[in-house]
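One structure is given below, encoded as structure tokens.
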Amino acid sequence: MKEIIKELTEAFGASGSEDGVRERIRQRMAGRADEMRVDPLGNLIALKKRKRQKGVQARRIMLAAHMDEIGVMISHVDEKGFLRFTRIGGVRPLTLLGSRVVFADGTIGVIGREKPEKQDEFPSIDKMFIDVGAIDKEHLTTKVGDVAVFTRPFSDLGQRLTAKAFDDRIGCAILVQTAVELETTPHDVYFVFTVQEEVGLRGALTSAFGVEPEVAIAVDVTTTGDTPDARPMAVSLGAGPAIKVKDGGMLAHPGVKSWMTDTADRLGLPHQFEVLEGGTTDAMAIQTSRAGIAAGVISIPCRYVHTPSEMVDYGDVQNAVKLLVGLLSGPADI
Amino acid sequence: MDATERLFKQLTEASGVPGYESEARAAIRQHLDPVAKIEQDKLGSIIGMKRGAADSPRVMLAGHMDEIGFMVSLITDEGFIRFVPLGGWWNQVMLAQRVVIKSSAGDAFGILGAKPPHLLDAEEAKKPVQKKDMYIDIGATSADEVKAAGVRLGDPIIPICPFTVLSPGKTYMGKAWDDRLGCALFIQALQRLKGQKHPNTVYAVGTVQEEVGLRGAKTSVYSVSPDVAVILEVDIAGDVPGIKPEESAIKLGKGPTLLLYDARMIPNLRLRDLVISVADENDIPLQFSAMGGGATDGGIIHLHNEGVPTVVIGVPTRHIHSHAGIIHRDDYDHALELVVKLVMRLDDSTVAEFTR
């Protein structure tokens, strides 16, 4: 599974430019789904059809993981070929300085800054620029509107993994692996790889409308409280996938939450509960789609979210797959 | 004045703050009637349908009818009027401006009162006045006189700025370019498409209540259920003192703009690229803008149902969200050309390709 994780995290896919990620996922899902389609906003929707199982009521279940990652977009090019940019999603100045970014065509850029007013002052985004090593504006191929993302290779640290864009390629990888391991299911399971989550859950909104599920589970990352002097939070790397109770945008459906908890207990899988102060996931938009949908979230504990080097625990990832396979193999009566 | 200038005069001088768009809508209806089948949704947006050579794809051209303004919220005992802003106002562009209150008894003219400099102490002179402290003076000396003038709580208040052709000849000053210019574009686009075999059905939509949160877009897109949408808007011209090129590099007279990014929408990339090639093929100059802030009706429309491929085409405008903006005729003409040429290209297979 590490091979899928490496491939997906290293792919280019800022919000609105997810084509490359979608193609990779489409290839991985080929043969694992009965139907695949792309909706008008760009969401990839793969359906694995139900196989009747005695005594189990078939449900329409939507699994969602977002393909997009945070990035930057060129807003202005000056005479010398330096590029000013606006952010796509929650990019923080702190993580940009000294970083490298890569454009869709492979062009590499370095982030520089204007002279600070005071020593040690931290610059805001509008005081930074991207330098792609242009000799002058004439030789520059990069233009206004072009999009770049962090560039950073995937590294296997043994038990822990680090990469850019675990948010939320790890969710995509978990969905793909679940499709691989799930031989049959009594439900119609829609594996939905969404677009534009980082700019406001936009893909979840349209895909939930199209799929019209009865039950939905988003798989995404959550922050942790297990690093030096961290904001107190009862989520740690390695303690199992986190079952969301609440975040900044939703309360998980109690029925979905206990379905997850009971299944994890039954299978003897480690798990923890997540109460997140800020932030939210695709499940928020899905929950309020149409007449309302029972939705919950399986979160992968992740350190350093929205930086070029996010970190997850491989055991948490594998246990999330086991939990999903368990959930989809039995009754889903919420 | 030519037909376009007459249309600009009529549309920009019509009143229509959010929720009170009837006058602007009547003006738009007058021009759409001869070229389209008109409907109105239940929030007040106007929809003009023009069938071409095919029922599908359904192409939505949207501009919003509302303009920023105010509403009467309180009449003081002394006969002054307090107000709430409808849409985004910056307090520094408000003081001493002329406004008209559309009351039940007719027009009541007034100004936003400002303290004379003679009476300002040094501290006061440095600080911008807050909107909540501002008031409108319609020349009354008591609350009874205000009531006698027909002014009631809830009456709309509209900025005053007559349409003016400026000395260079190709630039125009007026209020409410945002977004009567978009309305002018869909009106003239339908006029130009008359008698042409455009391979689709066009829905020209004047939306209501954009300035208070894209509300008309929400209901009108439901009525139209488009396969593709083109939002017609103003864009922020940055070619004035105080705006750095990296804040906005858009210049008056250098062509319409294509919006690459805003706070609420990333355009469909294949539709975006089609706009660029249509502009190229027809020698239409095009500028590009990418803004971290701000949004258009596209923010709602592109998320309708399963999603709608959407782009925003803008006309550069100086001094938006104030009493008077300035636009350039060439930019408008080029935007119109671009919209018409684009619509001619939007057939079923092309539109299907956007979401393949």
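Letters for chains follow the order of the structure tokens (A, B, ...), residue numbers begin at 1 for each chain, and ligand numbers begin at 1 in the order shown.
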
Counting only C-alpha atoms, a student should be able to say which residues of chain A come within 9 Å of chain B; what is the right answer, written as number ranges by chain? A: 15-17, 37-42, 73-78, 83-88, 126, 144-146, 196, 199-200, 202-203, 205-210

Keeping only N, CA and C atoms, write the selected residues as a compact mmCIF listing (two decimals), in the first residue's frame.
```txt
# COMPACT_ATOMS: atom_id res chain seq x y z
N SER A 15 -6.38 22.49 -5.75
CA SER A 15 -7.83 22.62 -5.95
C SER A 15 -8.11 23.18 -7.34
N GLY A 16 -9.00 22.53 -8.08
CA GLY A 16 -9.35 22.99 -9.43
C GLY A 16 -8.45 22.41 -10.50
N SER A 17 -7.35 21.76 -10.11
CA SER A 17 -6.42 21.17 -11.09
C SER A 17 -6.13 19.72 -10.71
N ARG A 37 -17.65 7.25 -13.20
CA ARG A 37 -17.98 8.45 -13.98
C ARG A 37 -17.36 9.67 -13.30
N VAL A 38 -17.30 10.75 -14.08
CA VAL A 38 -16.79 12.02 -13.54
C VAL A 38 -17.94 13.01 -13.60
N ASP A 39 -18.24 13.68 -12.52
CA ASP A 39 -19.36 14.62 -12.57
C ASP A 39 -18.89 15.97 -13.13
N PRO A 40 -19.83 16.88 -13.44
CA PRO A 40 -19.42 18.11 -14.13
C PRO A 40 -18.38 18.96 -13.37
N LEU A 41 -18.30 18.81 -12.06
CA LEU A 41 -17.29 19.59 -11.33
C LEU A 41 -15.93 18.87 -11.32
N GLY A 42 -15.92 17.58 -11.67
CA GLY A 42 -14.65 16.86 -11.74
C GLY A 42 -14.48 15.75 -10.72
N MET A 73 -1.47 30.33 -6.64
CA MET A 73 -1.75 30.68 -8.04
C MET A 73 -1.10 32.01 -8.39
N ILE A 74 -0.48 32.06 -9.54
CA ILE A 74 0.21 33.28 -9.96
C ILE A 74 -0.82 34.37 -10.26
N SER A 75 -0.62 35.54 -9.64
CA SER A 75 -1.55 36.64 -9.84
C SER A 75 -0.90 37.79 -10.61
N HIS A 76 0.44 37.80 -10.70
CA HIS A 76 1.12 38.90 -11.37
C HIS A 76 2.55 38.50 -11.71
N VAL A 77 3.02 38.95 -12.87
CA VAL A 77 4.39 38.69 -13.28
C VAL A 77 5.07 40.04 -13.48
N ASP A 78 6.20 40.28 -12.84
CA ASP A 78 6.84 41.59 -13.03
C ASP A 78 7.85 41.54 -14.19
N LEU A 83 7.30 36.29 -9.73
CA LEU A 83 5.87 35.98 -9.75
C LEU A 83 5.24 36.27 -8.38
N ARG A 84 4.18 37.07 -8.38
CA ARG A 84 3.39 37.24 -7.15
C ARG A 84 2.27 36.21 -7.18
N PHE A 85 1.75 35.87 -6.01
CA PHE A 85 0.78 34.78 -5.99
C PHE A 85 -0.30 34.98 -4.94
N THR A 86 -1.41 34.31 -5.16
CA THR A 86 -2.47 34.25 -4.17
C THR A 86 -2.57 32.79 -3.72
N ARG A 87 -3.17 32.56 -2.56
CA ARG A 87 -3.17 31.18 -2.07
C ARG A 87 -4.45 30.44 -2.44
N ILE A 88 -4.32 29.16 -2.66
CA ILE A 88 -5.47 28.29 -2.90
C ILE A 88 -5.59 27.41 -1.66
N ASP A 126 1.74 38.81 0.63
CA ASP A 126 1.93 39.81 -0.43
C ASP A 126 3.34 40.39 -0.45
N VAL A 144 0.18 34.31 -15.55
CA VAL A 144 -0.88 34.54 -14.56
C VAL A 144 -1.93 33.44 -14.65
N GLY A 145 -2.34 32.92 -13.50
CA GLY A 145 -3.33 31.85 -13.48
C GLY A 145 -2.72 30.46 -13.31
N ASP A 146 -1.41 30.35 -13.56
CA ASP A 146 -0.77 29.04 -13.37
C ASP A 146 -0.73 28.69 -11.88
N GLN A 196 -11.76 20.16 -4.94
CA GLN A 196 -11.98 21.49 -4.34
C GLN A 196 -12.48 21.49 -2.89
N VAL A 199 -10.94 24.61 -0.79
CA VAL A 199 -11.45 25.96 -0.99
C VAL A 199 -12.93 26.05 -0.61
N GLY A 200 -13.43 25.04 0.12
CA GLY A 200 -14.79 25.15 0.64
C GLY A 200 -15.72 24.00 0.30
N ARG A 202 -16.38 22.13 -2.11
CA ARG A 202 -17.25 22.34 -3.28
C ARG A 202 -17.57 21.04 -4.00
N GLY A 203 -16.59 20.16 -4.12
CA GLY A 203 -16.85 18.89 -4.81
C GLY A 203 -17.80 17.99 -4.03
N LEU A 205 -20.24 18.91 -2.25
CA LEU A 205 -21.60 19.44 -2.41
C LEU A 205 -22.27 18.86 -3.65
N THR A 206 -21.56 18.89 -4.79
CA THR A 206 -22.19 18.43 -6.03
C THR A 206 -22.21 16.90 -6.12
N SER A 207 -21.16 16.23 -5.59
CA SER A 207 -21.16 14.76 -5.70
C SER A 207 -22.21 14.15 -4.78
N ALA A 208 -22.42 14.74 -3.61
CA ALA A 208 -23.46 14.22 -2.71
C ALA A 208 -24.83 14.39 -3.35
N PHE A 209 -25.02 15.50 -4.07
CA PHE A 209 -26.28 15.71 -4.78
C PHE A 209 -26.48 14.60 -5.82
N GLY A 210 -25.42 14.28 -6.54
CA GLY A 210 -25.52 13.29 -7.60
C GLY A 210 -25.69 11.87 -7.08
```

Within 7 Å of Thr222 of chain A, counting only C-alpha atoms, which residues qualify if same-chain residues fewer than 3 places away don't, as an MDAnalysis selection string? chainID A and resid 299:302

Just list the residues in segment 217-313 of chain B DSSP gives strand (DSSP E) on the backbone, as a PyMOL selection string. chain B and resi 228-236+257-261+287-290+310-313

Only C-alpha atoms, please: the residues just picked out, written as a CSV table (one decimal), in the first residue's frame.
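Output saved as part_0.csv:
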```
chain,number,residue,atom,x,y,z
B,228,VAL,CA,-22.8,25.7,-18.9
B,229,ALA,CA,-22.7,29.2,-17.5
B,230,VAL,CA,-20.9,32.5,-18.3
B,231,ILE,CA,-21.0,35.2,-15.6
B,232,LEU,CA,-20.8,38.7,-17.0
B,233,GLU,CA,-19.3,41.1,-14.4
B,234,VAL,CA,-17.1,44.1,-13.8
B,235,ASP,CA,-13.5,43.5,-12.8
B,236,ILE,CA,-11.3,45.8,-10.7
B,257,THR,CA,-10.8,40.0,-18.3
B,258,LEU,CA,-11.1,36.3,-17.6
B,259,LEU,CA,-11.2,35.4,-13.9
B,260,LEU,CA,-8.8,32.6,-13.1
B,261,TYR,CA,-9.6,32.4,-9.3
B,287,GLN,CA,-6.6,40.3,-19.6
B,288,PHE,CA,-6.4,37.8,-16.7
B,289,SER,CA,-7.2,38.3,-13.0
B,290,ALA,CA,-6.7,36.1,-10.0
B,310,THR,CA,-18.7,28.2,-15.4
B,311,VAL,CA,-16.4,31.1,-16.3
B,312,VAL,CA,-16.5,34.8,-15.4
B,313,ILE,CA,-15.9,37.4,-18.1
```

Would you kindly return, as a ChimeraX atom specification, each protein, DNA or RNA residue with an atom no farther than 9 Å from any atom of segment 107-114 of chain B, considering only C-alpha atoms and excluding same-chain residues fewer than 6 positions away? /B:94-101,129,134-139,149-151

Store the residues picked out above in a file with all heavy atoms, as a compact mmCIF listing (two decimals), in the first residue's frame.
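To be explicit, this is the file written out as part-v8.txt:
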```txt
# COMPACT_ATOMS: atom_id res chain seq x y z
N MET B 94 -18.11 57.44 1.36
CA MET B 94 -19.53 57.71 1.55
C MET B 94 -19.89 59.16 1.89
O MET B 94 -20.91 59.68 1.43
CB MET B 94 -20.08 56.78 2.64
CG MET B 94 -20.12 55.32 2.21
SD MET B 94 -20.43 54.17 3.56
CE MET B 94 -22.01 54.75 4.15
N LEU B 95 -19.09 59.80 2.72
CA LEU B 95 -19.48 61.11 3.25
C LEU B 95 -19.71 62.15 2.16
O LEU B 95 -18.97 62.20 1.18
CB LEU B 95 -18.40 61.64 4.21
CG LEU B 95 -18.36 61.01 5.60
CD1 LEU B 95 -17.32 61.73 6.45
CD2 LEU B 95 -19.73 61.07 6.28
N ALA B 96 -20.73 62.98 2.35
CA ALA B 96 -21.04 64.12 1.48
C ALA B 96 -21.51 63.72 0.09
O ALA B 96 -21.59 64.55 -0.81
CB ALA B 96 -19.86 65.09 1.39
N GLN B 97 -21.82 62.43 -0.10
CA GLN B 97 -22.33 62.00 -1.39
C GLN B 97 -23.84 62.21 -1.47
O GLN B 97 -24.54 62.15 -0.47
CB GLN B 97 -22.02 60.51 -1.60
CG GLN B 97 -20.54 60.20 -1.70
CD GLN B 97 -19.91 60.69 -2.99
OE1 GLN B 97 -20.61 61.05 -3.93
NE2 GLN B 97 -18.60 60.73 -3.01
N ARG B 98 -24.32 62.45 -2.69
CA ARG B 98 -25.77 62.64 -2.89
C ARG B 98 -26.46 61.30 -3.08
O ARG B 98 -25.94 60.40 -3.73
CB ARG B 98 -26.00 63.50 -4.13
CG ARG B 98 -25.54 64.93 -3.96
CD ARG B 98 -25.73 65.68 -5.25
NE ARG B 98 -27.15 65.78 -5.60
CZ ARG B 98 -27.59 66.03 -6.83
NH1 ARG B 98 -26.75 66.19 -7.83
NH2 ARG B 98 -28.89 66.10 -7.07
N VAL B 99 -27.67 61.21 -2.51
CA VAL B 99 -28.46 59.98 -2.65
C VAL B 99 -29.92 60.35 -2.90
O VAL B 99 -30.33 61.50 -2.66
CB VAL B 99 -28.38 59.10 -1.38
CG1 VAL B 99 -26.97 58.55 -1.17
CG2 VAL B 99 -28.84 59.86 -0.15
N VAL B 100 -30.69 59.37 -3.37
CA VAL B 100 -32.13 59.59 -3.50
C VAL B 100 -32.85 58.45 -2.77
O VAL B 100 -32.46 57.29 -2.89
CB VAL B 100 -32.57 59.70 -4.98
CG1 VAL B 100 -32.17 58.46 -5.78
CG2 VAL B 100 -34.07 59.94 -5.09
N ILE B 101 -33.84 58.84 -1.98
CA ILE B 101 -34.66 57.84 -1.29
C ILE B 101 -35.92 57.66 -2.11
O ILE B 101 -36.63 58.62 -2.42
CB ILE B 101 -35.02 58.31 0.13
CG1 ILE B 101 -33.73 58.57 0.94
CG2 ILE B 101 -35.90 57.27 0.83
CD1 ILE B 101 -33.97 59.18 2.31
N VAL B 129 -14.96 58.32 9.68
CA VAL B 129 -16.25 58.26 10.39
C VAL B 129 -16.85 56.86 10.17
O VAL B 129 -16.78 56.32 9.06
CB VAL B 129 -17.20 59.34 9.83
CG1 VAL B 129 -18.56 59.27 10.53
CG2 VAL B 129 -16.58 60.72 9.99
N MET B 134 -23.11 57.75 10.65
CA MET B 134 -23.50 58.62 9.52
C MET B 134 -25.02 58.76 9.44
O MET B 134 -25.76 57.94 9.99
CB MET B 134 -22.97 58.03 8.21
CG MET B 134 -21.46 58.02 8.11
SD MET B 134 -20.96 57.42 6.48
CE MET B 134 -19.22 57.13 6.75
N TYR B 135 -25.44 59.77 8.72
CA TYR B 135 -26.87 60.01 8.58
C TYR B 135 -27.12 60.66 7.23
O TYR B 135 -26.21 61.19 6.59
CB TYR B 135 -27.38 60.93 9.70
CG TYR B 135 -26.71 62.28 9.69
CD1 TYR B 135 -27.25 63.35 8.96
CD2 TYR B 135 -25.50 62.49 10.36
CE1 TYR B 135 -26.61 64.58 8.91
CE2 TYR B 135 -24.86 63.71 10.32
CZ TYR B 135 -25.41 64.76 9.60
OH TYR B 135 -24.77 65.96 9.52
N ILE B 136 -28.39 60.63 6.80
CA ILE B 136 -28.78 61.29 5.55
C ILE B 136 -29.67 62.47 5.89
O ILE B 136 -30.58 62.38 6.74
CB ILE B 136 -29.48 60.30 4.60
CG1 ILE B 136 -28.44 59.29 4.08
CG2 ILE B 136 -30.15 61.01 3.44
CD1 ILE B 136 -29.04 58.06 3.47
N ASP B 137 -29.38 63.59 5.25
CA ASP B 137 -30.13 64.83 5.46
C ASP B 137 -30.95 65.09 4.19
O ASP B 137 -30.38 65.29 3.12
CB ASP B 137 -29.12 65.97 5.71
CG ASP B 137 -29.81 67.30 5.95
OD1 ASP B 137 -31.05 67.37 5.82
OD2 ASP B 137 -29.09 68.28 6.25
N ILE B 138 -32.28 65.04 4.30
CA ILE B 138 -33.10 65.32 3.11
C ILE B 138 -33.65 66.75 3.17
O ILE B 138 -34.60 67.11 2.45
CB ILE B 138 -34.25 64.30 2.93
CG1 ILE B 138 -35.26 64.37 4.09
CG2 ILE B 138 -33.72 62.89 2.76
CD1 ILE B 138 -36.62 63.75 3.73
N GLY B 139 -33.06 67.54 4.07
CA GLY B 139 -33.46 68.94 4.14
C GLY B 139 -34.67 69.18 5.03
O GLY B 139 -35.32 70.22 4.95
N ALA B 149 -42.86 63.75 3.65
CA ALA B 149 -42.22 63.51 2.34
C ALA B 149 -42.43 62.07 1.89
O ALA B 149 -41.97 61.68 0.82
CB ALA B 149 -40.73 63.85 2.42
N GLY B 150 -43.11 61.28 2.73
CA GLY B 150 -43.42 59.90 2.34
C GLY B 150 -42.33 58.91 2.71
O GLY B 150 -42.45 57.73 2.41
N VAL B 151 -41.26 59.36 3.38
CA VAL B 151 -40.14 58.46 3.70
C VAL B 151 -40.53 57.55 4.87
O VAL B 151 -40.99 58.03 5.91
CB VAL B 151 -38.87 59.26 4.04
CG1 VAL B 151 -37.76 58.32 4.51
CG2 VAL B 151 -38.41 60.06 2.82
```

Correct to one decimal, the distance atom CA of Gly71 of chain A-atom CA of Thr227 of chain A is 25.3 Å

For the structure I just gave you, how does DSSP split segment 40-193 of chain A - specifically, which residues are helix (DSSP H, G or I)? Reply as an MDAnalysis selection string. chainID A and resid 93:96 125:127 137:139 166:181

Give me, please, the distance in Å between atom CA of Val278 of chain B and atom CA of Arg22 of chain A, quoted to one decimal.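 That distance, rounded to one decimal, is 27.6 Å.
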
One number please: atom CA of Pro57 of chain B to atom CA of Asp348 of chain B, in Å, one decimal. 5.4 Å

When you look at segment 165-170 of chain B with a cut-off of 7 Å (counting only C-alpha atoms), what residues show up, excluding the ones that are within fewer than 2 positions of it in the same chain? I need them as an mmCIF file with C-alpha atoms, in the first residue's frame.
```
data_model
loop_
_atom_site.group_PDB
_atom_site.id
_atom_site.type_symbol
_atom_site.label_atom_id
_atom_site.label_comp_id
_atom_site.auth_asym_id
_atom_site.auth_seq_id
_atom_site.Cartn_x
_atom_site.Cartn_y
_atom_site.Cartn_z
ATOM 1 C CA PHE B 163 -24.307 58.636 -16.910
ATOM 2 C CA TYR B 172 -17.848 56.645 -19.388
ATOM 3 C CA MET B 173 -18.661 57.554 -15.801
ATOM 4 C CA HIS B 328 -13.823 51.987 -21.364
ATOM 5 C CA ARG B 329 -16.012 51.443 -24.415
#
```

Name the closest residue to Gly225 of chain A among the candidates A:Leu182, A:Leu237, A:Ala173, A:Val297; distances are taken between atoms, counting only C-alpha atoms. A:Leu237

With only C-alpha atoms as the counted atoms, please give the residues lying no more than 12 Å from segment 88-90 of chain B, apart from itself and same-chain residues fewer than 3 positions off, as a list of chain:residue names. B:Val17, B:Pro18, B:Glu67, B:Ile68, B:Gly69, B:Phe70, B:Val84, B:Pro85, B:Val93, B:Met94, B:Leu95, B:Pro128, B:Val129, B:Gln130, B:Lys131, B:Pro159, B:Asp178, B:Glu210, B:Glu211, B:Val212, B:Gly213, B:Gly294, B:His319, B:Ile320, B:His321, B:Ser322, B:His323

Quick one: residues within 9 Å of Glu214 of chain A, only C-alpha atoms, excluding same-chain residues fewer than 3 positions away - as an NGL selection string? :A and (59-62 or 292-295)

Please produce a file of those selected residues containing N, CA, C and O atoms, as a compact mmCIF listing (two decimals), in the first residue's frame.
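Once written, selection.txt looks like this:
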```
# COMPACT_ATOMS: atom_id res chain seq x y z
N ARG A 59 -27.91 -0.62 1.51
CA ARG A 59 -27.92 0.85 1.63
C ARG A 59 -27.08 1.45 0.50
O ARG A 59 -26.21 0.78 -0.06
N ARG A 60 -27.36 2.74 0.23
CA ARG A 60 -26.48 3.50 -0.66
C ARG A 60 -25.47 4.21 0.24
O ARG A 60 -25.84 5.10 1.01
N ILE A 61 -24.22 3.81 0.15
CA ILE A 61 -23.20 4.37 1.03
C ILE A 61 -22.18 5.15 0.21
O ILE A 61 -21.68 4.65 -0.80
N MET A 62 -21.89 6.36 0.64
CA MET A 62 -20.90 7.19 -0.05
C MET A 62 -19.65 7.30 0.81
O MET A 62 -19.74 7.65 1.98
N GLY A 292 -30.89 15.86 3.87
CA GLY A 292 -30.08 15.51 5.03
C GLY A 292 -29.59 14.08 4.94
O GLY A 292 -30.33 13.18 4.53
N ILE A 293 -28.34 13.85 5.27
CA ILE A 293 -27.72 12.53 5.12
C ILE A 293 -26.95 12.19 6.39
O ILE A 293 -26.24 13.04 6.93
N ALA A 294 -27.10 10.95 6.86
CA ALA A 294 -26.35 10.51 8.05
C ALA A 294 -24.88 10.41 7.68
O ALA A 294 -24.50 9.59 6.84
N ALA A 295 -24.06 11.26 8.28
CA ALA A 295 -22.66 11.30 7.87
C ALA A 295 -21.72 11.26 9.07
O ALA A 295 -22.03 11.78 10.14
```

Set the distance at 6 Å and use only C-alpha atoms: which residues neighbour Ser56 of chain B once local chain neighbours fewer than 2 positions away are removed? I'd like the list as a short mmCIF file (atom, residue, chain, number, x, y, z; two decimals) with N, CA, C and O atoms, in the first residue's frame.
```cif
data_model
loop_
_atom_site.label_atom_id
_atom_site.label_comp_id
_atom_site.auth_asym_id
_atom_site.auth_seq_id
_atom_site.Cartn_x
_atom_site.Cartn_y
_atom_site.Cartn_z
N ALA B 54 -30.77 24.47 -31.40
CA ALA B 54 -30.97 23.25 -30.60
C ALA B 54 -31.50 23.62 -29.22
O ALA B 54 -31.30 24.73 -28.75
N ARG B 58 -27.97 24.02 -22.59
CA ARG B 58 -28.59 25.21 -22.02
C ARG B 58 -27.48 26.11 -21.51
O ARG B 58 -26.73 25.73 -20.62
N ASN B 200 -27.47 26.10 -29.58
CA ASN B 200 -27.82 25.92 -28.17
C ASN B 200 -29.06 26.75 -27.86
O ASN B 200 -29.61 27.40 -28.75
N THR B 201 -29.48 26.73 -26.60
CA THR B 201 -30.51 27.67 -26.15
C THR B 201 -29.90 28.54 -25.06
O THR B 201 -29.27 28.03 -24.13
#
```

Could you tell me which of B:Lys50, B:Lys132, B:Lys244, B:Glu23 comes closest to Phe186 of chain B if we count only C-alpha atoms?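 Closest to Phe186 of chain B of all the choices is B:Lys50.
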
With only C-alpha atoms counted and 8 Å as the cut-off, give the residues of segment 138-234 of chain A in contact with segment 263-283 of chain A, each with its shortest interatomic distance in Å and the pair that gives it, as CSV.
```
residue,atom,partner,partner_atom,distance
A:Glu197,CA,A:Asp282,CA,6.5
A:Leu201,CA,A:Asp282,CA,5.4
A:Ala204,CA,A:Asp282,CA,5.4
A:Leu205,CA,A:Asp282,CA,8.0
A:Ala216,CA,A:Ala283,CA,7.3
A:Ile217,CA,A:Ala283,CA,6.8
A:Ala218,CA,A:Ala283,CA,5.5
A:Asp220,CA,A:Thr281,CA,6.9
A:Thr222,CA,A:Leu276,CA,7.6
A:Thr223,CA,A:Leu276,CA,7.8
A:Met233,CA,A:Val275,CA,7.6
A:Ala234,CA,A:Glu274,CA,7.1
```

Written file, previous selection with C-alpha atoms, as a PDB file, in the first residue's frame:
```pdb
ATOM      1  CA  GLU A 197     -12.343  20.539  -0.674  1.00  0.00           C
ATOM      2  CA  LEU A 201     -16.023  21.573   0.244  1.00  0.00           C
ATOM      3  CA  ALA A 204     -18.582  17.209  -1.872  1.00  0.00           C
ATOM      4  CA  LEU A 205     -21.599  19.437  -2.410  1.00  0.00           C
ATOM      5  CA  ALA A 216     -21.795   8.841   4.088  1.00  0.00           C
ATOM      6  CA  ILE A 217     -18.277   8.531   5.482  1.00  0.00           C
ATOM      7  CA  ALA A 218     -15.541  11.027   4.723  1.00  0.00           C
ATOM      8  CA  ASP A 220      -9.614  12.799   5.920  1.00  0.00           C
ATOM      9  CA  THR A 222      -7.046  15.447  11.620  1.00  0.00           C
ATOM     10  CA  THR A 223      -4.498  17.262  13.758  1.00  0.00           C
ATOM     11  CA  MET A 233      -6.083  17.370  21.942  1.00  0.00           C
ATOM     12  CA  ALA A 234      -6.801  13.737  22.707  1.00  0.00           C
TER      13      ALA A 234
END
```

Go through B:Arg318, B:Ala324, B:Pro226, B:Ala335 and flag the residue nearest Ile243 of chain B, using only C-alpha atoms for the distances. B:Arg318
